[in-house]
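Pasted below: input.txt, compact mmCIF, C-alpha atoms.
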# COMPACT_ATOMS: atom_id res chain seq x y z
CA MET A 1 112.90 128.59 106.18
CA PRO A 2 110.58 131.17 107.71
CA LEU A 3 108.06 132.72 105.33
CA LYS A 4 107.93 136.47 105.75
CA HIS A 5 105.38 137.55 103.14
CA PRO A 6 102.48 135.32 104.26
CA LEU A 7 103.19 136.43 107.81
CA ALA A 8 103.07 140.09 106.80
CA ALA A 9 99.81 139.48 104.93
CA LEU A 10 98.37 137.71 107.96
CA MET A 11 99.31 140.53 110.28
CA LEU A 12 97.95 143.14 107.87
CA LEU A 13 94.65 141.26 107.68
CA LEU A 14 94.49 140.98 111.46
CA ALA A 15 95.22 144.68 111.86
CA LEU A 16 92.60 145.49 109.23
CA CYS A 17 89.99 143.29 110.91
CA GLY A 18 90.81 144.87 114.27
CA ALA A 19 90.68 148.41 112.93
CA MET A 20 87.40 147.84 111.07
CA THR A 21 85.66 146.21 114.00
CA ALA A 22 87.03 148.83 116.40
CA GLN A 23 85.74 151.63 114.20
CA ALA A 24 82.33 150.00 113.88
CA ALA A 25 82.10 149.14 117.57
CA ASP A 26 83.13 152.67 118.60
CA ALA A 27 80.27 154.13 116.59
CA LEU A 28 77.63 152.05 118.37
CA PRO A 29 74.54 153.48 116.63
CA ALA A 30 76.25 152.66 113.32
CA ALA A 31 77.17 149.22 114.69
CA GLU A 32 73.52 148.55 115.50
CA ALA A 33 72.56 149.62 111.99
CA LEU A 34 74.74 146.88 110.51
CA PRO A 35 73.01 143.58 109.72
CA TRP A 36 73.23 141.24 112.74
CA TRP A 37 75.17 138.58 110.83
CA VAL A 38 78.16 140.89 110.21
CA TRP A 39 79.28 140.49 113.84
CA PRO A 40 79.29 136.69 114.22
CA LEU A 41 80.88 136.43 110.78
CA GLY A 42 83.55 139.02 111.71
CA LEU A 43 84.08 137.21 114.99
CA PHE A 44 84.58 133.91 113.17
CA VAL A 45 87.17 135.50 110.83
CA VAL A 46 89.07 137.24 113.65
CA CYS A 47 89.06 134.05 115.78
CA PHE A 48 90.25 132.02 112.80
CA PHE A 49 93.34 134.26 112.54
CA LEU A 50 93.80 134.34 116.32
CA GLY A 51 93.79 130.53 116.24
CA ILE A 52 96.51 130.54 113.57
CA VAL A 53 98.87 132.74 115.61
CA ALA A 54 98.02 131.27 119.04
CA VAL A 55 99.57 127.86 118.35
CA PRO A 56 102.99 128.98 117.05
CA ALA A 57 103.13 131.66 119.77
CA GLY A 58 102.50 129.01 122.43
CA VAL A 59 99.54 130.81 124.06
CA GLY A 60 95.99 129.66 124.67
CA GLY A 61 93.14 131.15 122.69
CA GLY A 62 91.39 132.70 125.69
CA VAL A 63 94.15 135.13 126.57
CA LEU A 64 94.05 136.62 123.05
CA PHE A 65 90.29 136.34 122.63
CA VAL A 66 89.02 138.29 125.65
CA PRO A 67 91.05 141.51 125.31
CA ILE A 68 90.84 141.63 121.51
CA VAL A 69 87.13 140.79 121.16
CA GLY A 70 86.28 142.75 124.34
CA GLY A 71 88.16 145.78 123.03
CA PHE A 72 87.04 145.77 119.40
CA PHE A 73 83.55 144.19 119.24
CA PRO A 74 80.27 145.67 120.54
CA PHE A 75 79.50 142.71 122.84
CA HIS A 76 79.21 143.19 126.61
CA LEU A 77 82.23 141.92 128.53
CA ASP A 78 80.05 139.32 130.33
CA PHE A 79 79.39 137.53 127.02
CA VAL A 80 82.97 137.97 125.84
CA ARG A 81 84.33 136.37 129.03
CA GLY A 82 81.79 133.53 128.80
CA ALA A 83 82.85 132.84 125.22
CA GLY A 84 86.53 133.26 126.20
CA LEU A 85 86.22 130.51 128.80
CA LEU A 86 84.52 128.28 126.26
CA VAL A 87 87.23 128.96 123.66
CA ALA A 88 89.95 128.10 126.20
CA MET A 89 88.10 124.99 127.38
CA ALA A 90 87.20 123.69 123.91
CA SER A 91 90.78 123.94 122.63
CA ALA A 92 92.06 122.12 125.73
CA LEU A 93 89.35 119.44 125.47
CA ALA A 94 90.19 118.76 121.83
CA ALA A 95 93.88 118.29 122.63
CA GLY A 96 93.34 116.32 125.86
CA PRO A 97 92.83 112.73 124.62
CA SER A 98 95.94 112.60 122.45
CA LEU A 99 98.08 114.33 125.09
CA LEU A 100 97.02 111.68 127.61
CA LYS A 101 97.38 108.75 125.22
CA ASN A 102 100.89 109.71 124.10
CA GLY A 103 101.95 110.20 127.70
CA MET A 104 102.71 113.92 127.35
CA ALA A 105 100.15 114.82 130.06
CA ASN A 106 100.05 113.10 133.44
CA LEU A 107 96.73 112.58 135.20
CA ARG A 108 98.30 112.14 138.65
CA LEU A 109 99.95 115.53 138.33
CA VAL A 110 96.78 117.09 136.92
CA MET A 111 94.18 115.87 139.42
CA PRO A 112 95.13 117.73 142.65
CA LEU A 113 96.01 120.94 140.80
CA ALA A 114 92.82 120.83 138.69
CA LEU A 115 90.72 120.33 141.83
CA SER A 116 92.32 123.41 143.37
CA ALA A 117 91.93 125.49 140.18
CA SER A 118 88.34 124.40 139.47
CA LEU A 119 87.23 125.32 142.98
CA SER A 120 88.67 128.82 142.75
CA SER A 121 87.69 129.25 139.11
CA MET A 122 84.02 129.03 140.08
CA GLY A 123 84.67 131.58 142.85
CA GLY A 124 86.37 133.79 140.28
CA ALA A 125 83.38 133.52 137.96
CA MET A 126 81.06 134.58 140.80
CA VAL A 127 83.22 137.63 141.57
CA GLY A 128 83.70 138.44 137.88
CA LEU A 129 79.99 138.53 137.10
CA ALA A 130 79.20 140.52 140.26
CA LEU A 131 81.67 143.34 139.61
CA PRO A 132 80.78 146.36 137.40
CA ALA A 133 81.97 146.01 133.78
CA ASN A 134 84.27 149.07 133.89
CA ILE A 135 86.10 147.73 136.96
CA ILE A 136 86.55 144.36 135.24
CA GLN A 137 87.71 146.17 132.09
CA ILE A 138 90.37 148.14 134.01
CA MET A 139 91.54 145.03 135.87
CA LEU A 140 91.53 143.02 132.63
CA GLY A 141 93.66 145.69 130.92
CA LEU A 142 96.16 145.54 133.80
CA ILE A 143 96.25 141.74 133.87
CA ILE A 144 96.78 141.55 130.09
CA LEU A 145 99.68 143.98 130.41
CA ALA A 146 101.06 141.84 133.26
CA ILE A 147 100.72 138.70 131.08
CA THR A 148 102.55 140.54 128.29
CA ALA A 149 105.39 141.37 130.71
CA LEU A 150 105.42 137.73 131.88
CA MET A 151 105.66 136.53 128.27
CA ILE A 152 108.60 138.86 127.65
CA MET A 153 110.50 138.08 130.83
CA ALA A 154 109.63 134.48 131.77
CA ARG A 155 112.41 131.97 131.37
CA LYS A 156 111.79 128.33 130.61
CA SER A 157 113.63 125.21 131.59
CA ASP A 158 113.26 122.16 129.35
CA TYR A 159 114.29 119.71 132.07
CA PRO A 160 114.35 121.44 135.48
CA HIS A 161 116.54 119.92 138.17
CA VAL A 162 114.50 118.58 141.10
CA PRO A 163 117.03 117.28 143.64
CA GLN A 164 114.48 116.03 146.17
CA PRO A 165 110.71 115.54 145.70
CA ASP A 166 108.55 116.99 148.47
CA ALA A 167 106.67 114.78 150.92
CA LEU A 168 103.21 115.49 149.44
CA SER A 169 104.21 114.63 145.88
CA GLN A 170 105.79 111.41 147.15
CA ARG A 171 102.59 110.57 149.05
CA LEU A 172 100.52 111.28 145.91
CA GLY A 173 102.94 109.38 143.69
CA ILE A 174 103.49 112.31 141.32
CA HIS A 175 106.48 111.24 139.28
CA GLY A 176 107.10 109.30 136.11
CA VAL A 177 108.98 108.80 132.88
CA PHE A 178 107.91 110.30 129.59
CA HIS A 179 109.21 109.64 126.12
CA ASP A 180 110.34 112.79 124.32
CA LEU A 181 109.41 112.11 120.69
CA ILE A 182 111.78 114.76 119.31
CA SER A 183 114.94 113.85 121.20
CA GLY A 184 113.98 110.18 121.49
CA ARG A 185 114.99 110.29 125.16
CA GLU A 186 113.22 108.73 128.13
CA ILE A 187 112.86 111.59 130.64
CA SER A 188 112.48 110.68 134.30
CA TRP A 189 110.75 113.41 136.29
CA GLN A 190 109.60 114.24 139.80
CA VAL A 191 108.24 117.43 141.38
CA HIS A 192 108.86 119.63 144.38
CA ARG A 193 107.01 122.50 146.13
CA THR A 194 103.65 120.72 145.61
CA PRO A 195 101.81 122.51 148.49
CA THR A 196 102.90 125.91 147.11
CA GLY A 197 101.88 124.77 143.64
CA ILE A 198 98.39 123.84 144.87
CA MET A 199 98.02 127.26 146.50
CA LEU A 200 99.25 129.01 143.35
CA PHE A 201 96.70 127.11 141.25
CA LEU A 202 93.99 128.46 143.55
CA VAL A 203 95.07 131.97 142.53
CA ILE A 204 95.45 131.07 138.84
CA GLY A 205 92.00 129.43 138.73
CA PHE A 206 90.44 132.46 140.38
CA LEU A 207 91.96 134.86 137.84
CA GLY A 208 90.85 132.59 134.98
CA GLY A 209 87.28 132.63 136.30
CA VAL A 210 87.15 136.39 136.84
CA PHE A 211 88.53 137.37 133.44
CA GLY A 212 87.56 134.37 131.30
CA VAL A 213 91.05 134.27 129.82
CA GLY A 214 91.93 130.63 130.51
CA ALA A 215 95.18 130.18 132.37
CA GLY A 216 97.77 128.51 130.15
CA TRP A 217 99.92 131.63 130.45
CA ALA A 218 100.25 131.00 134.20
CA ASN A 219 99.88 127.20 134.38
CA VAL A 220 103.02 126.45 132.38
CA PRO A 221 105.42 128.71 134.36
CA ALA A 222 103.91 127.45 137.65
CA LEU A 223 104.38 123.79 136.67
CA ASN A 224 107.76 124.27 134.98
CA LEU A 225 109.56 126.89 137.03
CA LEU A 226 107.96 126.39 140.46
CA MET A 227 107.27 122.64 140.60
CA GLY A 228 110.06 121.48 138.30
CA VAL A 229 107.91 119.69 135.70
CA PRO A 230 109.71 119.21 132.32
CA LEU A 231 108.51 121.87 129.87
CA LYS A 232 106.66 119.62 127.41
CA LEU A 233 104.92 117.71 130.20
CA ALA A 234 104.03 121.06 131.82
CA ALA A 235 102.51 122.43 128.60
CA ALA A 236 100.44 119.28 127.99
CA SER A 237 99.31 118.88 131.62
CA SER A 238 98.45 122.60 131.72
CA SER A 239 95.99 122.03 128.91
CA LEU A 240 94.23 119.30 130.88
CA ILE A 241 94.11 121.41 134.06
CA LEU A 242 92.70 124.26 132.00
CA SER A 243 89.92 122.06 130.58
CA ILE A 244 88.76 121.06 134.09
CA ALA A 245 89.17 124.48 135.74
CA SER A 246 87.46 126.34 132.86
CA ALA A 247 84.53 123.90 132.98
CA SER A 248 83.48 124.98 136.48
CA ALA A 249 83.58 128.68 135.52
CA THR A 250 81.85 127.97 132.19
CA TRP A 251 78.96 126.30 134.03
CA TYR A 252 78.58 129.36 136.25
CA TYR A 253 78.55 131.69 133.23
CA LEU A 254 76.10 129.40 131.41
CA ASN A 255 73.74 129.20 134.39
CA ASN A 256 73.80 132.99 134.70
CA GLY A 257 72.91 133.59 131.07
CA ALA A 258 76.41 134.93 130.26
CA ILE A 259 76.97 132.62 127.29
CA LEU A 260 75.26 133.53 124.03
CA ALA A 261 75.52 130.89 121.31
CA ILE A 262 75.69 133.60 118.62
CA ILE A 263 79.00 134.79 120.12
CA ALA A 264 80.40 131.59 121.62
CA VAL A 265 79.94 129.15 118.71
CA PRO A 266 81.57 131.20 115.88
CA ALA A 267 84.42 131.99 118.30
CA VAL A 268 85.01 128.34 119.22
CA VAL A 269 84.70 127.02 115.66
CA GLY A 270 86.87 129.84 114.19
CA MET A 271 89.56 129.43 116.82
CA MET A 272 89.70 125.65 116.44
CA MET A 273 89.88 125.79 112.64
CA GLY A 274 92.62 128.42 112.87
CA ALA A 275 94.52 126.38 115.48
CA ARG A 276 94.62 123.37 113.13
CA ILE A 277 96.20 125.55 110.43
CA GLY A 278 98.50 127.16 113.02
CA ALA A 279 99.74 123.70 114.04
CA HIS A 280 100.60 122.91 110.39
CA LEU A 281 102.29 126.30 109.94
CA LEU A 282 104.61 125.58 112.86
CA THR A 283 107.10 124.15 110.39
CA VAL A 284 107.14 127.14 108.03
CA LEU A 285 106.56 130.17 110.24
CA ASN A 286 109.20 131.45 112.62
CA PRO A 287 107.72 130.94 116.13
CA ALA A 288 109.95 133.69 117.58
CA VAL A 289 108.54 136.23 115.11
CA ILE A 290 104.96 135.09 115.75
CA ARG A 291 105.58 135.35 119.48
CA LYS A 292 106.74 138.95 119.07
CA VAL A 293 103.65 139.74 117.00
CA VAL A 294 101.38 138.18 119.64
CA ILE A 295 103.15 140.14 122.39
CA SER A 296 102.55 143.33 120.37
CA MET A 297 98.88 142.38 119.88
CA LEU A 298 98.46 141.72 123.61
CA LEU A 299 100.17 145.02 124.47
CA PHE A 300 97.87 146.90 122.09
CA ALA A 301 94.75 145.08 123.30
CA GLY A 302 95.76 145.51 126.95
CA VAL A 303 96.22 149.28 126.57
CA ARG A 304 92.95 149.60 124.65
CA THR A 305 91.06 147.54 127.27
CA LEU A 306 92.52 149.66 130.07
CA LEU A 307 91.63 152.93 128.32
CA LYS A 308 88.13 151.63 127.55
CA GLY A 309 87.65 150.75 131.23
CA LEU A 310 88.84 154.23 132.24
CA GLY A 311 86.37 155.73 129.77
CA ILE A 312 89.17 157.36 127.71
CA MET B 1 104.95 105.77 124.61
CA SER B 2 103.02 102.55 124.31
CA HIS B 3 99.61 102.31 125.89
CA GLN B 4 100.76 99.36 128.04
CA ARG B 5 103.07 101.67 129.98
CA LEU B 6 100.37 104.21 130.76
CA PRO B 7 98.24 103.90 133.90
CA PRO B 8 94.79 102.41 133.12
CA GLU B 9 92.98 105.41 134.61
CA GLN B 10 94.80 107.74 132.21
CA LEU B 11 93.72 105.66 129.20
CA ARG B 12 90.13 105.51 130.45
CA TYR B 13 90.06 109.28 131.02
CA ALA B 14 91.40 109.85 127.48
CA THR B 15 88.83 107.51 125.91
CA VAL B 16 85.83 109.00 127.71
CA LEU B 17 87.07 112.55 127.04
CA HIS B 18 87.52 111.77 123.34
CA TRP B 19 83.99 110.46 122.82
CA VAL B 20 82.11 112.98 124.96
CA THR B 21 84.02 115.88 123.41
CA LEU B 22 83.42 114.55 119.89
CA VAL B 23 79.67 114.23 120.48
CA GLY B 24 79.68 117.70 122.08
CA PHE B 25 81.40 119.33 119.08
CA VAL B 26 79.10 117.64 116.57
CA THR B 27 76.05 118.71 118.60
CA LEU B 28 77.44 122.26 118.86
CA VAL B 29 77.80 122.62 115.09
CA ILE B 30 74.50 120.93 114.12
CA THR B 31 72.39 122.89 116.63
CA PHE B 32 74.05 126.16 115.61
CA VAL B 33 73.31 125.50 111.95
CA LEU B 34 69.65 124.82 112.86
CA TYR B 35 69.62 128.13 114.80
CA MET B 36 71.28 130.20 112.07
CA THR B 37 69.20 128.79 109.21
CA GLY B 38 65.96 129.41 111.10
CA LEU B 39 65.03 125.71 111.02
CA ALA B 40 64.81 126.10 114.79
CA THR B 41 63.18 129.48 115.42
CA ALA B 42 64.90 131.75 117.92
CA GLU B 43 63.26 132.96 121.14
CA VAL B 44 65.10 136.29 120.73
CA PRO B 45 64.90 137.29 117.04
CA LEU B 46 68.33 137.48 115.44
CA HIS B 47 67.85 141.02 114.13
CA GLN B 48 67.26 142.27 117.69
CA LEU B 49 70.57 140.95 118.99
CA PRO B 50 72.70 144.03 118.14
CA GLN B 51 70.56 146.04 120.58
CA LEU B 52 70.81 143.34 123.25
CA TRP B 53 74.33 141.87 123.26
CA LYS B 54 75.78 145.17 124.50
CA LEU B 55 73.79 144.70 127.75
CA SER B 56 75.18 142.85 130.77
CA ALA B 57 74.04 139.24 131.22
CA ALA B 58 71.63 140.31 133.99
CA ASP B 59 70.15 143.16 131.89
CA TYR B 60 69.92 140.89 128.84
CA ALA B 61 67.88 138.40 130.90
CA LYS B 62 65.60 141.22 132.12
CA ALA B 63 65.16 142.70 128.65
CA THR B 64 64.30 139.38 127.04
CA GLY B 65 62.40 137.84 129.96
CA LEU B 66 64.72 134.84 129.96
CA HIS B 67 65.28 132.79 133.08
CA GLU B 68 68.62 131.71 134.49
CA GLY B 69 69.84 128.26 135.46
CA TRP B 70 68.65 125.20 133.55
CA SER B 71 65.47 126.80 132.17
CA TRP B 72 66.95 126.67 128.65
CA LEU B 73 66.77 122.88 128.75
CA PHE B 74 62.97 123.07 128.75
CA ALA B 75 62.85 125.37 125.72
CA MET B 76 64.82 123.25 123.27
CA ASP B 77 62.39 123.96 120.45
CA LYS B 78 63.99 127.44 120.26
CA GLY B 79 67.22 127.71 118.27
CA ASP B 80 69.07 129.95 120.73
CA PHE B 81 68.45 127.51 123.59
CA LEU B 82 69.03 124.42 121.46
CA SER B 83 72.50 125.79 120.62
CA LEU B 84 73.40 125.73 124.30
CA LEU B 85 73.11 121.93 124.32
CA GLY B 86 76.53 121.42 122.66
CA ILE B 87 78.09 123.95 125.04
CA ALA B 88 76.63 122.10 128.03
CA MET B 89 77.90 118.77 126.66
CA LEU B 90 81.42 120.15 126.24
CA SER B 91 81.30 121.61 129.77
CA ALA B 92 80.12 118.23 131.09
CA SER B 93 82.96 116.26 129.49
CA PRO B 94 85.48 116.78 132.35
CA ILE B 95 82.80 115.66 134.85
CA LEU B 96 82.13 112.42 132.97
CA SER B 97 85.84 111.78 132.36
CA ILE B 98 86.79 112.20 136.03
CA ALA B 99 83.76 110.19 137.17
CA ALA B 100 84.87 107.37 134.86
CA VAL B 101 88.30 107.05 136.51
CA VAL B 102 87.09 107.02 140.13
CA PRO B 103 86.14 103.28 139.97
CA VAL B 104 89.60 102.51 138.54
CA TYR B 105 91.25 104.24 141.49
CA LEU B 106 88.96 102.38 143.90
CA LYS B 107 89.81 99.05 142.25
CA GLU B 108 93.52 99.88 142.69
CA LYS B 109 92.78 100.79 146.33
CA ASN B 110 94.19 104.25 145.59
CA TYR B 111 91.79 105.93 147.98
CA ILE B 112 93.54 109.32 147.93
CA TYR B 113 93.02 109.76 144.18
CA ALA B 114 89.52 108.27 144.36
CA ALA B 115 88.71 110.97 146.95
CA LEU B 116 90.36 113.70 144.85
CA GLY B 117 88.35 112.56 141.82
CA LEU B 118 85.10 112.51 143.78
CA MET B 119 85.78 116.01 145.15
CA ALA B 120 86.49 117.31 141.64
CA VAL B 121 83.24 115.75 140.38
CA LEU B 122 81.31 117.33 143.27
CA VAL B 123 82.81 120.78 142.61
CA LEU B 124 81.92 120.56 138.91
CA LEU B 125 78.44 119.19 139.64
CA TYR B 126 77.82 122.05 142.05
CA ALA B 127 78.90 124.55 139.37
CA ALA B 128 76.68 122.78 136.81
CA SER B 129 73.67 122.48 139.13
CA GLY B 130 72.85 126.16 139.03
CA LEU B 131 72.60 126.24 142.84
CA SER B 132 75.14 129.05 142.79
CA VAL B 133 73.13 131.23 140.37
CA ARG B 134 73.01 134.86 141.48
CA HIS B 135 69.51 136.26 141.59
CA SER B 136 69.26 139.77 140.19

Could you take the file, read its structure, and then write that structure out as structure tokens?
Amino acid sequence: MPLKHPLAALMLLLALCGAMTAQAADALPAAEALPWWVWPLGLFVVCFFLGIVAVPAGVGGGVLFVPIVGGFFPFHLDFVRGAGLLVAMASALAAGPSLLKNGMANLRLVMPLALSASLSSMGGAMVGLALPANIIQIMLGLIILAITALMIMARKSDYPHVPQPDALSQRLGIHGVFHDLISGREISWQVHRTPTGIMLFLVIGFLGGVFGVGAGWANVPALNLLMGVPLKLAAASSSLILSIASASATWYYLNNGAILAIIAVPAVVGMMMGARIGAHLLTVLNPAVIRKVVISMLLFAGVRTLLKGLGI
Amino acid sequence: MSHQRLPPEQLRYATVLHWVTLVGFVTLVITFVLYMTGLATAEVPLHQLPQLWKLSAADYAKATGLHEGWSWLFAMDKGDFLSLLGIAMLSASPILSIAAVVPVYLKEKNYIYAALGLMAVLVLLYAASGLSVRHS
């Protein structure tokens, strides 16, 4: 049975953290007067709660992290995006081995798409760090609002019907059988529209690199709705693609001094600790309610990011 | 699904990824603790950071006199650079995992996937090399 009171308390705490950090960050001279350790500690706490809601809402950490931390903390967007990429990559890396070993992710499916996304992700990182911060902020606000719309409107198909695999996927041998642990069924799958999928992952990787938001929000619909990959396999394989694509952009950010350990490490550790609790809370919290809360948070953060970019 | 039914390259990728990621996370936490506790002194004093982290990455480098690329690797006695070691290890884990499966593909005579793996490794190595660093 869904617990409503802990959820309300969680949301209140998140709102309070957001409001406090926003107030402090808005008054920058006052923010500078605060002891330095307040910010990494606040970041750890906020990321811990973001990690809790990210798992039941079915979104990656990066897409929540960048607009919320970029909008409410006094850090430059370069460092926020660098940390955002690391948050997205670290979560995906941690999940990768078990997803591969239990057959939920498929390396044959992942490899060509990850190559495409990692190539463009580095290009995206180059563009992202070259553009002025206010332009990035405006574009980030718009993309977060677009992601919010996608989350509201996107349909999902547990087992999409793929009548005929395309020639490229047949040549690459992208097909298989996976064992669905919940239904106990053996699911046979194959894919179509592989060339279009590879092109789309070029675009997704580029956006991930520019904005440092990871790309789980786009990977899963592309795999599931476009290529016909069963939903669970799409979600798991998306994570693996994300870990490879984010790595190329992370290296670019690291080599350009856009990753500060004081921001990146508390964010990664907080998000991962929160995600572990979020995974346990899946059984007691209502995912539909959490998803609505996350959509509201993204809407709020997207509008704030856009206004901040416009100097309003 | 039993391991016997999974392709060998998938199992090898998972094993390498598990160990490299684990070592990376442990390094990340230990080095950050050394940095925060002052056991490894910071190049940029912690109390100065609130004036600096609002700057862009390029302006931060100018203000602190830090160099880009791999220069941090040669200043590991400083806590802020030492902390980047775990981040670099995590970022390197996909490179090592993909590199580990290329020989498996070659052994299977799956030259298409061996080539895809090699290309992915080259892309990631290029990103890691710092050759693409923008000079401000």

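Within a radius of 12 Å around (108.6, 105.6, 132.5), the polymer residues are Gly103, Met104, Asn106, His175, Gly176, Val177, Phe178, His179, Asp180, Arg185, Glu186, Ile187, Ser188, Trp189 and Gln190 of chain A; Met1, Ser2, His3, Gln4, Arg5, Leu6 and Pro7 of chain B, counting all atoms listed in the file.
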
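For the pair atom CA of A:Asp78 and atom CA of A:Leu129, the interatomic distance is 6.8 Å.
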
Would you mind listing, for every residue of chain B within 7 Å of chain A, the two atoms forming the shortest contact and the distance between them in Å to one decimal, using all atoms listed in the file, sorted by chain and ascending residue number, as JSON lines?
{"residue": "B:Met1", "atom": "CA", "partner": "A:Asn102", "partner_atom": "CA", "distance": 5.7}
{"residue": "B:His3", "atom": "CA", "partner": "A:Lys101", "partner_atom": "CA", "distance": 6.8}
{"residue": "B:Leu6", "atom": "CA", "partner": "A:Gly103", "partner_atom": "CA", "distance": 6.9}
{"residue": "B:Gln10", "atom": "CA", "partner": "A:Leu107", "partner_atom": "CA", "distance": 6.0}
{"residue": "B:Leu11", "atom": "CA", "partner": "A:Lys101", "partner_atom": "CA", "distance": 6.2}
{"residue": "B:Ala14", "atom": "CA", "partner": "A:Pro97", "partner_atom": "CA", "distance": 4.3}
{"residue": "B:Thr15", "atom": "CA", "partner": "A:Pro97", "partner_atom": "CA", "distance": 6.7}
{"residue": "B:Leu17", "atom": "CA", "partner": "A:Pro97", "partner_atom": "CA", "distance": 6.3}
{"residue": "B:His18", "atom": "CA", "partner": "A:Pro97", "partner_atom": "CA", "distance": 5.5}
{"residue": "B:Thr21", "atom": "CA", "partner": "A:Leu93", "partner_atom": "CA", "distance": 6.7}
{"residue": "B:Leu46", "atom": "CA", "partner": "A:Trp36", "partner_atom": "CA", "distance": 6.7}
{"residue": "B:His47", "atom": "CA", "partner": "A:Trp36", "partner_atom": "CA", "distance": 5.6}
{"residue": "B:Leu49", "atom": "CA", "partner": "A:Trp36", "partner_atom": "CA", "distance": 6.8}
{"residue": "B:Pro50", "atom": "CA", "partner": "A:Glu32", "partner_atom": "CA", "distance": 5.3}
{"residue": "B:Gln51", "atom": "CA", "partner": "A:Glu32", "partner_atom": "CA", "distance": 6.4}
{"residue": "B:Trp53", "atom": "CA", "partner": "A:Phe75", "partner_atom": "CA", "distance": 5.3}
{"residue": "B:Lys54", "atom": "CA", "partner": "A:His76", "partner_atom": "CA", "distance": 4.5}
{"residue": "B:Leu55", "atom": "CA", "partner": "A:His76", "partner_atom": "CA", "distance": 5.7}
{"residue": "B:Ser56", "atom": "CA", "partner": "A:His76", "partner_atom": "CA", "distance": 5.8}
{"residue": "B:Ala57", "atom": "CA", "partner": "A:Ala258", "partner_atom": "CA", "distance": 5.0}
{"residue": "B:Ala61", "atom": "CA", "partner": "A:Gly257", "partner_atom": "CA", "distance": 7.0}
{"residue": "B:Glu68", "atom": "CA", "partner": "A:Asn256", "partner_atom": "CA", "distance": 5.3}
{"residue": "B:Gly69", "atom": "CA", "partner": "A:Asn255", "partner_atom": "CA", "distance": 4.2}
{"residue": "B:Trp70", "atom": "CA", "partner": "A:Asn255", "partner_atom": "CA", "distance": 6.5}
{"residue": "B:Asp80", "atom": "CA", "partner": "A:Ala261", "partner_atom": "CA", "distance": 6.5}
{"residue": "B:Ser83", "atom": "CA", "partner": "A:Ala261", "partner_atom": "CA", "distance": 6.0}
{"residue": "B:Leu84", "atom": "CA", "partner": "A:Ala261", "partner_atom": "CA", "distance": 6.3}
{"residue": "B:Ser91", "atom": "CA", "partner": "A:Ala247", "partner_atom": "CA", "distance": 5.1}
{"residue": "B:Pro94", "atom": "CA", "partner": "A:Ile244", "partner_atom": "CA", "distance": 5.7}
{"residue": "B:Leu116", "atom": "CA", "partner": "A:Pro112", "partner_atom": "CA", "distance": 6.6}
{"residue": "B:Ala120", "atom": "CA", "partner": "A:Leu115", "partner_atom": "CA", "distance": 5.2}
{"residue": "B:Val123", "atom": "CA", "partner": "A:Leu119", "partner_atom": "CA", "distance": 6.3}
{"residue": "B:Leu124", "atom": "CA", "partner": "A:Ser248", "partner_atom": "CA", "distance": 5.3}
{"residue": "B:Ala127", "atom": "CA", "partner": "A:Ser248", "partner_atom": "CA", "distance": 5.4}
{"residue": "B:Ala128", "atom": "CA", "partner": "A:Trp251", "partner_atom": "CA", "distance": 5.0}
{"residue": "B:Gly130", "atom": "CA", "partner": "A:Asn255", "partner_atom": "CA", "distance": 5.6}
{"residue": "B:Val133", "atom": "CA", "partner": "A:Asn256", "partner_atom": "CA", "distance": 6.0}

With a cut-off of 10 Å, could you pull out the residues of stretch 57-131 of chain A touching stretch 141-153 of chain A and give me the nearest pair of atoms for each, distance in Å to one decimal, using all atoms listed in the file, ordered by chain and ascending number, as JSON lines?
{"residue": "A:Val59", "atom": "CA", "partner": "A:Met151", "partner_atom": "CA", "distance": 9.4}
{"residue": "A:Val63", "atom": "CA", "partner": "A:Ile144", "partner_atom": "CA", "distance": 7.8}
{"residue": "A:Leu64", "atom": "CA", "partner": "A:Ile144", "partner_atom": "CA", "distance": 9.0}
{"residue": "A:Val66", "atom": "CA", "partner": "A:Ile144", "partner_atom": "CA", "distance": 9.5}
{"residue": "A:Pro67", "atom": "CA", "partner": "A:Ile144", "partner_atom": "CA", "distance": 7.5}
{"residue": "A:Gly71", "atom": "CA", "partner": "A:Gly141", "partner_atom": "CA", "distance": 9.6}

Q.
For a test of reading the model, state the distance in Å between atom CA of B:Gly38 and atom CA of A:Pro40, rounded to one decimal.
A. 15.5 Å

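The space between atom CA of B:Leu85 and atom CA of A:Val87 spans 15.8 Å.
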
Q) Which protein, DNA or RNA residues have an atom at most 12 Å from (64.7, 129.3, 118.2), counting all atoms listed in the file? List them as a PyMOL selection string. A) (chain A and resi 261-262) or (chain B and resi 31-46+72+75-84)

Q: Give the answer as one residue: which of A:Ala218, A:Arg291, A:Met273, A:Gly124 has the shortest atom-to-atom distance to A:Phe44, using all atoms listed in the file?
A: A:Met273
